[in-house]
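Next comes model32.csv, a file with CSV, C-alpha atoms.
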```csv
chain,number,residue,atom,x,y,z
Z,1,MET,CA,85.8,83.4,70.6
Z,2,ARG,CA,86.8,83.0,67.0
Z,3,LYS,CA,87.9,84.9,63.9
Z,4,TRP,CA,88.1,84.4,60.1
Z,5,ILE,CA,91.3,83.2,58.7
Z,6,GLN,CA,93.4,85.9,57.0
Z,7,TYR,CA,96.2,85.7,54.5
Z,8,PRO,CA,98.6,88.6,55.1
Z,9,HIS,CA,100.4,90.1,52.1
Z,10,ARG,CA,104.2,89.4,52.0
Z,11,GLU,CA,106.6,91.6,50.0
Z,12,GLY,CA,110.3,91.1,49.5
Z,13,THR,CA,112.5,89.1,52.0
Z,14,VAL,CA,110.6,88.4,55.1
Z,15,SER,CA,110.2,86.1,58.1
Z,16,ARG,CA,106.9,84.3,57.9
Z,17,GLN,CA,106.6,84.2,61.7
Z,18,ALA,CA,106.8,87.4,63.6
Z,19,HIS,CA,109.7,87.7,66.1
Z,20,ALA,CA,111.4,84.6,64.9
Z,21,ASP,CA,113.7,83.3,62.1
Z,22,PHE,CA,114.8,86.6,60.7
Z,23,PRO,CA,116.4,86.7,57.3
Z,24,SER,CA,120.2,87.0,57.6
Z,25,GLU,CA,120.5,90.2,55.5
Z,26,ALA,CA,117.9,92.0,57.6
Z,27,ILE,CA,117.8,91.0,61.2
Z,28,TYR,CA,116.2,94.1,62.5
Z,29,GLU,CA,112.4,93.5,62.7
Z,30,ARG,CA,110.1,96.4,63.4
Z,31,GLU,CA,106.4,96.0,64.3
Z,32,VAL,CA,104.0,98.7,63.1
Z,33,GLY,CA,100.6,98.2,64.6
Z,34,ARG,CA,97.5,99.9,65.9
Z,35,SER,CA,95.6,99.8,69.2
Z,36,GLY,CA,98.7,98.9,71.1
Z,37,PHE,CA,99.4,95.2,70.4
Z,38,PHE,CA,95.8,94.3,69.8
Z,39,GLY,CA,95.1,95.7,66.3
Z,40,PRO,CA,96.3,95.1,62.8
Z,41,ALA,CA,100.1,95.0,62.4
Z,42,THR,CA,102.9,94.7,59.8
Z,43,HIS,CA,106.4,93.6,60.4
Z,44,LEU,CA,109.2,95.2,58.4
Z,45,HIS,CA,112.7,93.9,58.1
Z,46,HIS,CA,115.5,96.5,58.1
Z,47,LYS,CA,119.2,96.5,57.3
Z,48,HIS,CA,119.9,98.9,60.1
Z,49,PRO,CA,118.4,99.2,63.6
Z,50,PRO,CA,115.3,101.4,63.6
Z,51,THR,CA,116.7,103.2,66.6
Z,52,GLY,CA,120.0,104.0,65.0
Z,53,TRP,CA,119.5,107.8,64.9
Z,54,SER,CA,122.5,110.1,64.9
Z,55,ALA,CA,120.7,113.2,66.2
Z,56,TRP,CA,117.4,114.3,67.6
Z,57,GLU,CA,115.8,117.7,67.8
Z,58,GLY,CA,112.4,118.7,69.2
Z,59,PRO,CA,110.4,117.6,72.2
Z,60,LEU,CA,109.2,114.2,71.0
Z,61,ARG,CA,112.1,112.0,72.3
Z,62,PRO,CA,112.5,109.1,74.7
Z,63,ARG,CA,113.1,110.3,78.2
Z,64,ALA,CA,114.3,108.8,81.4
Z,65,PHE,CA,113.8,110.2,84.9
Z,66,ASP,CA,115.6,109.2,88.2
Z,67,LEU,CA,112.7,109.3,90.6
Z,68,ASN,CA,115.1,108.5,93.4
Z,69,GLU,CA,116.2,112.2,93.3
Z,70,LEU,CA,112.7,113.6,94.0
Z,71,PRO,CA,111.9,114.8,97.6
Z,72,LYS,CA,111.7,112.3,100.3
Z,73,ASN,CA,109.5,112.1,103.4
Z,74,VAL,CA,106.5,113.9,102.0
Z,75,ALA,CA,103.8,113.8,104.7
Z,76,ALA,CA,100.8,112.9,102.6
Z,77,PRO,CA,100.0,111.2,99.3
Z,78,TRP,CA,98.2,114.2,97.9
Z,79,ALA,CA,101.4,116.2,98.1
Z,80,ALA,CA,103.6,113.6,96.4
Z,81,PRO,CA,105.5,114.8,93.3
Z,82,LEU,CA,103.5,114.5,90.1
Z,83,VAL,CA,105.4,112.5,87.5
Z,84,LEU,CA,103.1,112.2,84.5
Z,85,HIS,CA,99.5,112.9,83.9
Z,86,ASN,CA,96.6,113.3,81.5
Z,87,ALA,CA,92.8,113.5,81.9
Z,88,GLN,CA,92.5,109.7,82.6
Z,89,CYS,CA,95.7,108.9,84.5
Z,90,LYS,CA,98.0,110.6,87.1
Z,91,LEU,CA,101.3,109.1,88.3
Z,92,ARG,CA,102.9,110.2,91.5
Z,93,ILE,CA,105.9,108.9,93.5
Z,94,TRP,CA,105.6,109.1,97.3
Z,95,SER,CA,108.3,108.5,99.9
Z,96,VAL,CA,107.4,108.5,103.5
Z,97,ASP,CA,108.8,107.2,106.8
Z,98,GLN,CA,106.2,108.5,109.3
Z,99,ALA,CA,102.7,107.3,110.0
Z,100,MET,CA,100.0,109.4,108.3
Z,101,THR,CA,98.2,111.8,110.8
Z,102,GLN,CA,95.2,112.2,108.6
Z,103,LEU,CA,93.1,109.9,106.5
Z,104,PHE,CA,93.0,110.3,102.7
Z,105,ARG,CA,90.0,109.9,100.3
Z,106,ASN,CA,90.5,110.3,96.6
Z,107,GLY,CA,87.1,111.4,95.1
Z,108,ASP,CA,88.6,111.7,91.6
Z,109,GLY,CA,89.2,108.0,90.8
Z,110,ASP,CA,90.6,104.7,91.9
Z,111,ASP,CA,94.2,104.6,93.1
Z,112,MET,CA,96.7,101.8,92.5
Z,113,LEU,CA,99.5,101.8,95.1
Z,114,PHE,CA,102.6,99.9,93.9
Z,115,ILE,CA,105.0,99.5,96.9
Z,116,HIS,CA,108.5,100.0,95.5
Z,117,ALA,CA,110.2,99.8,98.9
Z,118,GLY,CA,109.3,99.4,102.5
Z,119,SER,CA,106.7,97.7,104.6
Z,120,GLY,CA,104.1,98.6,107.1
Z,121,GLU,CA,100.4,98.6,108.0
Z,122,LEU,CA,97.5,100.0,106.0
Z,123,PHE,CA,94.2,100.9,107.6
Z,124,CYS,CA,91.1,101.7,105.6
Z,125,ASP,CA,87.3,101.6,105.6
Z,126,TYR,CA,87.4,97.8,105.1
Z,127,GLY,CA,89.9,96.9,107.8
Z,128,HIS,CA,93.6,96.3,108.2
Z,129,LEU,CA,96.2,95.0,105.7
Z,130,SER,CA,99.9,94.6,106.0
Z,131,TYR,CA,102.0,95.7,103.0
Z,132,ARG,CA,105.5,94.9,101.7
Z,133,ASP,CA,107.7,95.7,98.7
Z,134,GLY,CA,106.2,94.5,95.4
Z,135,ASP,CA,102.6,94.8,96.5
Z,136,TYR,CA,99.9,96.2,94.3
Z,137,ILE,CA,97.1,97.7,96.5
Z,138,LEU,CA,93.9,98.7,94.7
Z,139,MET,CA,92.2,101.6,96.5
Z,140,PRO,CA,88.7,102.1,95.2
Z,141,ARG,CA,87.5,105.6,94.7
Z,142,SER,CA,86.5,107.5,97.9
Z,143,THR,CA,88.0,104.9,100.2
Z,144,SER,CA,89.4,106.4,103.4
Z,145,TRP,CA,92.9,105.1,104.2
Z,146,ARG,CA,96.2,105.7,106.0
Z,147,ILE,CA,99.5,103.9,106.4
Z,148,GLU,CA,101.9,103.3,109.3
Z,149,PRO,CA,105.3,102.5,107.8
Z,150,ALA,CA,107.4,99.9,109.6
Z,151,ALA,CA,110.3,100.8,107.2
Z,152,PRO,CA,110.7,103.8,105.0
Z,153,THR,CA,108.2,103.4,102.2
Z,154,THR,CA,108.2,104.5,98.6
Z,155,MET,CA,105.2,103.8,96.4
Z,156,LEU,CA,104.1,104.6,92.8
Z,157,LEU,CA,100.6,106.0,93.0
Z,158,ILE,CA,98.6,105.5,89.7
Z,159,GLU,CA,95.3,107.2,89.7
Z,160,ALA,CA,92.5,106.2,87.3
Z,161,SER,CA,91.0,109.6,87.1
Z,162,ASN,CA,87.2,109.4,86.9
Z,163,GLY,CA,87.6,105.7,86.3
Z,164,ALA,CA,87.9,102.3,87.9
Z,165,TYR,CA,90.3,99.4,87.7
Z,166,GLN,CA,89.3,96.0,86.4
Z,167,LEU,CA,91.1,92.8,85.4
Z,168,PRO,CA,91.9,92.0,81.7
Z,169,ASP,CA,89.9,89.4,79.8
Z,170,LYS,CA,92.4,86.5,79.7
Z,171,GLY,CA,90.7,84.9,76.7
Z,172,LEU,CA,92.0,81.5,75.5
Z,173,VAL,CA,94.1,80.9,78.6
Z,174,GLY,CA,91.2,81.2,81.0
Z,175,PRO,CA,90.4,83.2,84.1
Z,176,HIS,CA,93.0,81.5,86.3
Z,177,ALA,CA,96.0,82.3,84.2
Z,178,ILE,CA,98.6,84.9,85.2
Z,179,PHE,CA,97.0,84.9,88.7
Z,180,ASP,CA,93.9,83.3,90.1
Z,181,GLU,CA,91.5,85.9,91.6
Z,182,ALA,CA,91.7,83.7,94.8
Z,183,MET,CA,95.2,85.2,95.2
Z,184,LEU,CA,93.7,88.7,95.9
Z,185,ASP,CA,93.8,89.6,99.6
Z,186,VAL,CA,91.3,91.9,101.2
Z,187,PRO,CA,91.6,93.8,104.5
Z,188,ALA,CA,90.5,92.1,107.8
Z,189,ILE,CA,88.5,93.4,110.7
Z,190,ASP,CA,91.2,92.1,113.1
Z,191,ASP,CA,92.6,93.1,116.5
Z,192,ALA,CA,95.0,95.7,114.9
Z,193,PHE,CA,92.0,97.3,113.2
Z,194,ARG,CA,89.9,97.3,116.4
Z,195,ALA,CA,92.7,98.7,118.5
Z,196,GLN,CA,92.9,101.9,116.4
Z,197,GLN,CA,89.2,102.7,116.8
Z,198,THR,CA,89.7,105.4,119.4
Z,199,GLU,CA,87.6,108.4,120.4
Z,200,ASP,CA,90.4,110.7,119.4
Z,201,GLU,CA,89.9,113.5,116.8
Z,202,TRP,CA,90.7,112.6,113.2
Z,203,GLN,CA,90.6,114.4,110.0
Z,204,VAL,CA,89.8,113.1,106.5
Z,205,VAL,CA,91.3,114.9,103.6
Z,206,ILE,CA,89.2,114.5,100.5
Z,207,LYS,CA,90.5,115.2,97.0
Z,208,ARG,CA,87.9,116.1,94.4
Z,209,ARG,CA,88.5,117.8,91.0
Z,210,GLY,CA,92.1,118.4,92.3
Z,211,ALA,CA,91.0,120.5,95.3
Z,212,LEU,CA,91.3,119.4,98.9
Z,213,SER,CA,88.7,119.5,101.6
Z,214,THR,CA,89.2,118.5,105.2
Z,215,VAL,CA,86.5,116.9,107.3
Z,216,THR,CA,87.0,116.6,111.1
Z,217,TYR,CA,85.5,113.9,113.3
Z,218,PRO,CA,85.6,113.6,117.1
Z,219,PHE,CA,86.5,109.9,116.7
Z,220,ASN,CA,88.3,107.7,114.2
Z,221,PRO,CA,85.9,107.1,111.3
Z,222,LEU,CA,87.6,103.8,110.5
Z,223,ASP,CA,85.3,102.2,113.0
Z,224,ALA,CA,83.6,99.4,111.0
Z,225,VAL,CA,82.7,96.3,112.9
Z,226,GLY,CA,82.2,94.2,109.7
Z,227,TRP,CA,81.2,94.3,106.1
Z,228,HIS,CA,80.0,92.1,103.2
Z,229,GLY,CA,80.1,92.5,99.5
Z,230,ASN,CA,82.3,92.3,96.4
Z,231,HIS,CA,83.7,95.9,96.4
Z,232,SER,CA,86.9,96.3,98.5
Z,233,VAL,CA,90.5,97.3,98.8
Z,234,ALA,CA,92.6,94.4,97.3
Z,235,ARG,CA,96.2,93.4,97.4
Z,236,ILE,CA,98.4,91.2,95.2
Z,237,ASN,CA,102.2,91.0,95.0
Z,238,TRP,CA,104.2,90.6,91.8
Z,239,ARG,CA,105.6,87.4,93.3
Z,240,ASP,CA,102.1,86.0,93.0
Z,241,ILE,CA,102.1,86.6,89.2
Z,242,ARG,CA,102.8,83.6,87.0
Z,243,PRO,CA,103.7,85.1,83.6
Z,244,LEU,CA,102.6,83.8,80.3
Z,245,MET,CA,105.6,82.7,78.2
Z,246,SER,CA,106.6,80.8,75.2
Z,247,HIS,CA,110.0,79.2,74.6
Z,248,ARG,CA,109.6,79.8,70.8
Z,249,TYR,CA,108.1,83.3,70.6
Z,250,HIS,CA,108.7,86.6,72.3
Z,251,LEU,CA,105.2,87.6,73.6
Z,252,PRO,CA,104.1,91.3,73.3
Z,253,PRO,CA,103.8,93.4,76.5
Z,254,SER,CA,100.0,93.1,76.3
Z,255,ALA,CA,100.4,89.5,77.4
Z,256,HIS,CA,101.6,90.8,80.8
Z,257,THR,CA,98.6,93.1,81.4
Z,258,THR,CA,97.7,93.1,85.1
Z,259,PHE,CA,95.0,95.8,85.4
Z,260,VAL,CA,92.8,97.7,82.9
Z,261,ALA,CA,91.4,101.2,83.4
Z,262,ASP,CA,89.7,103.8,81.1
Z,263,GLY,CA,92.3,104.9,78.7
Z,264,PHE,CA,95.3,103.0,80.0
Z,265,VAL,CA,96.6,99.6,81.2
Z,266,ILE,CA,99.1,98.4,83.8
Z,267,CYS,CA,101.4,95.6,82.8
Z,268,THR,CA,103.9,93.8,85.1
Z,269,PHE,CA,107.2,92.3,83.9
Z,270,VAL,CA,108.4,89.6,86.3
Z,271,PRO,CA,111.2,87.1,86.3
Z,272,ARG,CA,110.8,84.3,83.7
Z,273,PRO,CA,112.9,82.0,81.4
Z,274,ILE,CA,114.0,83.7,78.2
Z,275,GLU,CA,113.0,82.1,74.9
Z,276,SER,CA,115.2,79.1,74.2
Z,277,ASP,CA,114.3,78.3,70.5
Z,278,PRO,CA,117.3,79.1,68.4
Z,279,GLY,CA,115.3,81.3,65.9
Z,280,ALA,CA,113.2,83.2,68.5
Z,281,LEU,CA,113.9,86.8,69.4
Z,282,LYS,CA,115.1,87.0,72.9
Z,283,VAL,CA,114.7,90.8,73.7
Z,284,PRO,CA,111.7,93.1,73.2
Z,285,PHE,CA,111.1,93.7,69.5
Z,286,TYR,CA,111.5,97.1,67.8
Z,287,HIS,CA,108.0,98.7,67.5
Z,288,ASN,CA,106.3,101.9,66.9
Z,289,ASN,CA,104.4,103.9,69.5
Z,290,ASP,CA,101.6,105.1,67.3
Z,291,ASP,CA,98.5,104.9,69.5
Z,292,TYR,CA,99.9,104.8,73.1
Z,293,ASP,CA,102.4,106.6,75.3
Z,294,GLU,CA,104.6,104.0,77.1
Z,295,VAL,CA,105.9,104.4,80.6
Z,296,ILE,CA,108.0,101.8,82.5
Z,297,PHE,CA,108.9,102.1,86.2
Z,298,TYR,CA,111.9,99.9,87.1
Z,299,HIS,CA,111.4,98.2,90.4
Z,300,ALA,CA,114.1,95.5,90.8
Z,301,GLY,CA,116.6,93.3,89.0
Z,302,ASP,CA,118.8,93.6,85.9
Z,303,PHE,CA,116.9,95.3,83.1
Z,304,PHE,CA,118.3,93.3,80.3
Z,305,SER,CA,117.1,95.4,77.4
Z,306,ARG,CA,118.3,98.8,78.8
Z,307,ASP,CA,121.7,100.2,79.7
Z,308,ASN,CA,122.3,102.5,82.7
Z,309,ILE,CA,118.9,102.0,84.2
Z,310,LYS,CA,118.5,101.2,87.9
Z,311,PRO,CA,115.6,100.6,90.3
Z,312,GLY,CA,113.6,103.7,91.0
Z,313,MET,CA,114.0,105.1,87.5
Z,314,LEU,CA,111.2,105.6,85.0
Z,315,THR,CA,111.3,105.8,81.2
Z,316,PHE,CA,108.8,107.6,79.0
Z,317,HIS,CA,108.4,106.9,75.3
Z,318,PRO,CA,105.7,109.2,73.8
Z,319,ALA,CA,103.7,108.0,70.9
Z,320,GLY,CA,105.1,108.8,67.5
Z,321,PHE,CA,108.5,107.0,67.0
Z,322,THR,CA,110.1,103.6,67.0
Z,323,HIS,CA,111.9,102.2,70.0
Z,324,GLY,CA,113.3,99.0,71.2
Z,325,PRO,CA,116.3,97.4,72.9
Z,326,HIS,CA,119.6,99.1,73.3
Z,327,PRO,CA,122.4,98.1,70.9
Z,328,LYS,CA,124.4,96.2,73.4
Z,329,ALA,CA,121.4,94.2,74.6
Z,330,PHE,CA,120.4,93.4,71.0
Z,331,ALA,CA,123.9,92.2,70.1
Z,332,LYS,CA,124.2,90.1,73.2
Z,333,ALA,CA,120.8,88.5,72.5
Z,334,MET,CA,122.0,87.5,69.0
Z,335,THR,CA,125.3,86.0,70.1
Z,336,ASP,CA,125.2,85.0,73.8
Z,337,PRO,CA,121.6,85.4,75.2
Z,338,LYS,CA,120.7,85.1,78.8
Z,339,THR,CA,118.6,82.1,79.8
Z,340,PHE,CA,116.6,83.9,82.5
Z,341,THR,CA,115.5,87.5,83.2
Z,342,ASP,CA,115.2,88.6,86.8
Z,343,GLU,CA,113.8,92.1,86.1
Z,344,VAL,CA,110.6,93.4,87.8
Z,345,ALA,CA,109.0,96.5,86.2
Z,346,VAL,CA,105.6,98.2,86.0
Z,347,MET,CA,104.5,99.4,82.6
Z,348,ILE,CA,101.7,101.9,82.0
Z,349,ASP,CA,100.4,102.3,78.4
Z,350,ALA,CA,98.2,105.4,78.0
Z,351,ARG,CA,96.0,106.0,75.1
Z,352,ASP,CA,96.1,109.8,75.4
Z,353,ALA,CA,99.2,111.9,75.5
Z,354,LEU,CA,100.9,112.3,79.0
Z,355,GLU,CA,102.3,115.5,80.3
Z,356,GLN,CA,105.3,115.8,82.6
Z,357,GLY,CA,105.0,117.0,86.2
Z,358,PRO,CA,106.7,120.3,87.1
Z,359,GLN,CA,109.7,118.7,88.8
Z,360,MET,CA,110.5,116.2,86.1
Z,361,PRO,CA,113.0,118.3,84.2
Z,362,GLU,CA,115.1,118.5,87.4
Z,363,VAL,CA,115.5,114.7,87.5
Z,364,GLU,CA,115.7,113.9,83.8
Z,365,TRP,CA,118.7,112.0,82.4
Z,366,ALA,CA,119.1,114.2,79.3
Z,367,GLN,CA,121.5,111.8,77.5
Z,368,TYR,CA,118.9,109.0,77.4
Z,369,VAL,CA,118.0,109.8,73.8
Z,370,ASP,CA,121.7,109.2,72.9
Z,371,SER,CA,121.9,105.8,74.5
Z,372,TRP,CA,120.7,104.0,71.3
Z,373,LYS,CA,123.6,105.5,69.3
Z,374,PRO,CA,126.1,102.8,68.3
Z,375,LYS,CA,129.3,102.9,70.4
Z,376,PRO,CA,132.5,103.8,68.5
```

What is this structure when it is put down as structure tokens?
Amino acid sequence: MRKWIQYPHREGTVSRQAHADFPSEAIYEREVGRSGFFGPATHLHHKHPPTGWSAWEGPLRPRAFDLNELPKNVAAPWAAPLVLHNAQCKLRIWSVDQAMTQLFRNGDGDDMLFIHAGSGELFCDYGHLSYRDGDYILMPRSTSWRIEPAAPTTMLLIEASNGAYQLPDKGLVGPHAIFDEAMLDVPAIDDAFRAQQTEDEWQVVIKRRGALSTVTYPFNPLDAVGWHGNHSVARINWRDIRPLMSHRYHLPPSAHTTFVADGFVICTFVPRPIESDPGALKVPFYHNNDDYDEVIFYHAGDFFSRDNIKPGMLTFHPAGFTHGPHPKAFAKAMTDPKTFTDEVAVMIDARDALEQGPQMPEVEWAQYVDSWKPKP
């Protein structure tokens, strides 16, 4: 793993190191890059914040949705409200407090279940697994599964349509960084799993090409007595993630990539110390969305770069404009920065444009686009 040395062009007054040691007359740095944060990039230094717009017209604007206001206690995951979608990725939010009475199989792609709230038991082809808030549960395509909530449960469902989830290449830091694969838990063929293997009638609802089919069995088809292999449901909690960090440099979101699918990635922001070097930027840097739509689901904590955002909300920044920290957060980071962030959030970066689900206009915070305007 190596690359040829490059000598980037410099013009005018600049900081030689990205995200650090800004010139005093132009403290607003903007990153313009390709392929997310993996391609060529240029850093421009501005006299005014790149998000300092005074008005916005047209559909391309930053949006925020309060998913807490969507319907609760939806009986099945396939009926959960659709939040955002494209041909490669579908996001739904599902709140339920009753045990599923049917099994579900998604024939359209892998599902990633992020447990926002609640706890309970999950039963699937591979066995039994308990879940709690903060869990990621990878559900491979066409796995039959159901849950029995012990407490009201809300989860973000992220479908990799016609695709599969994999882990990112961790490159120079090695395969054990961020989390060791030994931290992944798989279901067990245990007493709880064997106890639910009754001769009662069960139905499996299968989703394929968006259409539902129902298959009835005169017994519970979750009746495995054992298995071996390297393809399974898997679980990891955000609390098991050990984030990459630098005390002298604000790392890009790509450093926090947790899962990779065709056409999008999932990143996890977890509590960490904030950069302590006096010249280092201490909030996310202003940057362009030129190749990816960016989505952030806010799970827990104090979201230090955003105002008026609470757990259960989701922001959507389509490709095509510059965004970054809110004015108050940027000003505080320059004068009285925090030393630790306690926020937990899930980010989805999608290569192709995402469309809103039909219920999203009902739960949109319409003034979000104005939240970057300087306060009088």

Write out as CSV a residue-level contact list of region 119-152 of chain Z versus region 196-219 of chain Z with cut-off 9 Å: for each qualifying residue the closest pair of atoms and the distance in Å to one decimal, counting all atoms listed in the file, rows sorted by chain and residue number upward.
```
residue,atom,partner,partner_atom,distance
Z:Phe123,CA,Z:Gln196,CA,9.0
Z:Ser142,CA,Z:Ile206,CA,7.9
Z:Ser144,CA,Z:Val204,CA,7.4
Z:Trp145,CA,Z:Val204,CA,8.9
```

What does the distance from CA of Ile296 (chain Z) to CA of Pro374 (chain Z) come to in Å, to one decimal?
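That distance, rounded to one decimal, is 23.0 Å.
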
Using only C-alpha atoms for the distances, tell me which of Z:Leu84, Z:Ala76, Z:Ala195, Z:Ala182 is nearest to Thr315 (chain Z).
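Using only C-alpha atoms, Thr315 (chain Z) sits closest to Z:Leu84.
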
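Of the residues listed (Z:Val283, Z:Leu314, Z:Ala366, Z:Ala99), Z:Val283 shows the shortest atom-to-atom separation from Thr339 (chain Z); distances use only C-alpha atoms.
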
What does the distance from CA of Arg30 (chain Z) to CA of Thr51 (chain Z) come to in Å, to one decimal?
10.0 Å

Go through region 255-337 of chain Z and flag each residue having an atom no more than 9 Å from region 237-247 of chain Z; for those, report the closest pair of atoms plus their distance in Å to one decimal, using only C-alpha atoms, ordered by chain and rising number, as JSON lines.
```
{"residue": "Z:Ala255", "atom": "CA", "partner": "Z:Leu244", "partner_atom": "CA", "distance": 6.8}
{"residue": "Z:His256", "atom": "CA", "partner": "Z:Pro243", "partner_atom": "CA", "distance": 6.7}
{"residue": "Z:Thr258", "atom": "CA", "partner": "Z:Ile241", "partner_atom": "CA", "distance": 8.9}
{"residue": "Z:Thr268", "atom": "CA", "partner": "Z:Trp238", "partner_atom": "CA", "distance": 7.4}
{"residue": "Z:Phe269", "atom": "CA", "partner": "Z:Pro243", "partner_atom": "CA", "distance": 8.0}
{"residue": "Z:Val270", "atom": "CA", "partner": "Z:Trp238", "partner_atom": "CA", "distance": 7.0}
{"residue": "Z:Pro271", "atom": "CA", "partner": "Z:Pro243", "partner_atom": "CA", "distance": 8.2}
{"residue": "Z:Arg272", "atom": "CA", "partner": "Z:Pro243", "partner_atom": "CA", "distance": 7.1}
{"residue": "Z:Pro273", "atom": "CA", "partner": "Z:His247", "partner_atom": "CA", "distance": 7.9}
{"residue": "Z:Ile274", "atom": "CA", "partner": "Z:His247", "partner_atom": "CA", "distance": 7.0}
{"residue": "Z:Glu275", "atom": "CA", "partner": "Z:His247", "partner_atom": "CA", "distance": 4.2}
{"residue": "Z:Ser276", "atom": "CA", "partner": "Z:His247", "partner_atom": "CA", "distance": 5.2}
{"residue": "Z:Asp277", "atom": "CA", "partner": "Z:His247", "partner_atom": "CA", "distance": 6.0}
{"residue": "Z:Ala280", "atom": "CA", "partner": "Z:His247", "partner_atom": "CA", "distance": 8.0}
```

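Among the candidate residues Z:Thr153, Z:Asn68, Z:Thr257, Z:Thr42, the one lying nearest to Met100 (chain Z) is Z:Thr153, with distances computed using all atoms listed in the file.
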
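If you look at CA of Gln98 (chain Z) and CA of Glu148 (chain Z), they are 6.7 Å away from each other.
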
Slice of the block: region 154-212 of chain Z, C-alpha atoms, as an mmCIF file, in the first residue's frame:
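Saved the output as result.cif:
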```cif
data_model
loop_
_atom_site.group_PDB
_atom_site.id
_atom_site.type_symbol
_atom_site.label_atom_id
_atom_site.label_comp_id
_atom_site.auth_asym_id
_atom_site.auth_seq_id
_atom_site.Cartn_x
_atom_site.Cartn_y
_atom_site.Cartn_z
ATOM 1 C CA THR Z 154 -37.599 1.582 17.756
ATOM 2 C CA MET Z 155 -35.114 0.663 15.066
ATOM 3 C CA LEU Z 156 -33.675 2.173 11.911
ATOM 4 C CA LEU Z 157 -33.899 -0.387 9.091
ATOM 5 C CA ILE Z 158 -31.259 0.141 6.384
ATOM 6 C CA GLU Z 159 -31.733 -2.133 3.394
ATOM 7 C CA ALA Z 160 -28.857 -2.776 0.990
ATOM 8 C CA SER Z 161 -31.146 -3.364 -1.972
ATOM 9 C CA ASN Z 162 -29.842 -6.149 -4.207
ATOM 10 C CA GLY Z 163 -26.570 -5.941 -2.287
ATOM 11 C CA ALA Z 164 -24.663 -7.159 0.748
ATOM 12 C CA TYR Z 165 -22.927 -5.580 3.728
ATOM 13 C CA GLN Z 166 -19.189 -5.908 4.204
ATOM 14 C CA LEU Z 167 -16.562 -4.346 6.456
ATOM 15 C CA PRO Z 168 -14.323 -1.507 5.258
ATOM 16 C CA ASP Z 169 -10.668 -2.015 4.446
ATOM 17 C CA LYS Z 170 -8.937 -0.512 7.474
ATOM 18 C CA GLY Z 171 -5.678 -0.021 5.638
ATOM 19 C CA LEU Z 172 -2.685 1.214 7.621
ATOM 20 C CA VAL Z 173 -4.333 0.798 11.020
ATOM 21 C CA GLY Z 174 -4.895 -2.927 10.473
ATOM 22 C CA PRO Z 175 -7.916 -5.240 10.739
ATOM 23 C CA HIS Z 176 -8.307 -4.999 14.514
ATOM 24 C CA ALA Z 177 -8.772 -1.222 14.644
ATOM 25 C CA ILE Z 178 -12.166 0.408 15.310
ATOM 26 C CA PHE Z 179 -13.476 -2.997 16.336
ATOM 27 C CA ASP Z 180 -11.975 -6.460 16.230
ATOM 28 C CA GLU Z 181 -14.101 -8.923 14.270
ATOM 29 C CA ALA Z 182 -13.995 -11.106 17.392
ATOM 30 C CA MET Z 183 -16.427 -8.546 18.867
ATOM 31 C CA LEU Z 184 -19.153 -9.667 16.455
ATOM 32 C CA ASP Z 185 -21.776 -11.840 18.166
ATOM 33 C CA VAL Z 186 -23.819 -14.478 16.324
ATOM 34 C CA PRO Z 187 -27.085 -16.196 17.338
ATOM 35 C CA ALA Z 188 -27.000 -19.268 19.540
ATOM 36 C CA ILE Z 189 -28.903 -22.557 19.370
ATOM 37 C CA ASP Z 190 -29.828 -22.251 23.044
ATOM 38 C CA ASP Z 191 -32.705 -23.180 25.339
ATOM 39 C CA ALA Z 192 -34.718 -20.092 24.356
ATOM 40 C CA PHE Z 193 -34.394 -21.017 20.679
ATOM 41 C CA ARG Z 194 -35.331 -24.656 21.223
ATOM 42 C CA ALA Z 195 -38.320 -23.653 23.385
ATOM 43 C CA GLN Z 196 -39.957 -21.761 20.507
ATOM 44 C CA GLN Z 197 -39.724 -24.730 18.108
ATOM 45 C CA THR Z 198 -43.383 -25.715 18.379
ATOM 46 C CA GLU Z 199 -45.733 -27.517 16.009
ATOM 47 C CA ASP Z 200 -47.980 -24.461 15.826
ATOM 48 C CA GLU Z 201 -48.794 -22.897 12.461
ATOM 49 C CA TRP Z 202 -46.483 -20.065 11.375
ATOM 50 C CA GLN Z 203 -46.349 -17.805 8.370
ATOM 51 C CA VAL Z 204 -43.301 -16.332 6.656
ATOM 52 C CA VAL Z 205 -43.817 -13.048 4.816
ATOM 53 C CA ILE Z 206 -41.289 -12.707 1.994
ATOM 54 C CA LYS Z 207 -40.526 -9.365 0.320
ATOM 55 C CA ARG Z 208 -39.196 -9.596 -3.222
ATOM 56 C CA ARG Z 209 -39.121 -6.737 -5.744
ATOM 57 C CA GLY Z 210 -41.193 -4.783 -3.220
ATOM 58 C CA ALA Z 211 -44.100 -7.256 -3.328
ATOM 59 C CA LEU Z 212 -45.122 -9.468 -0.394
#
```
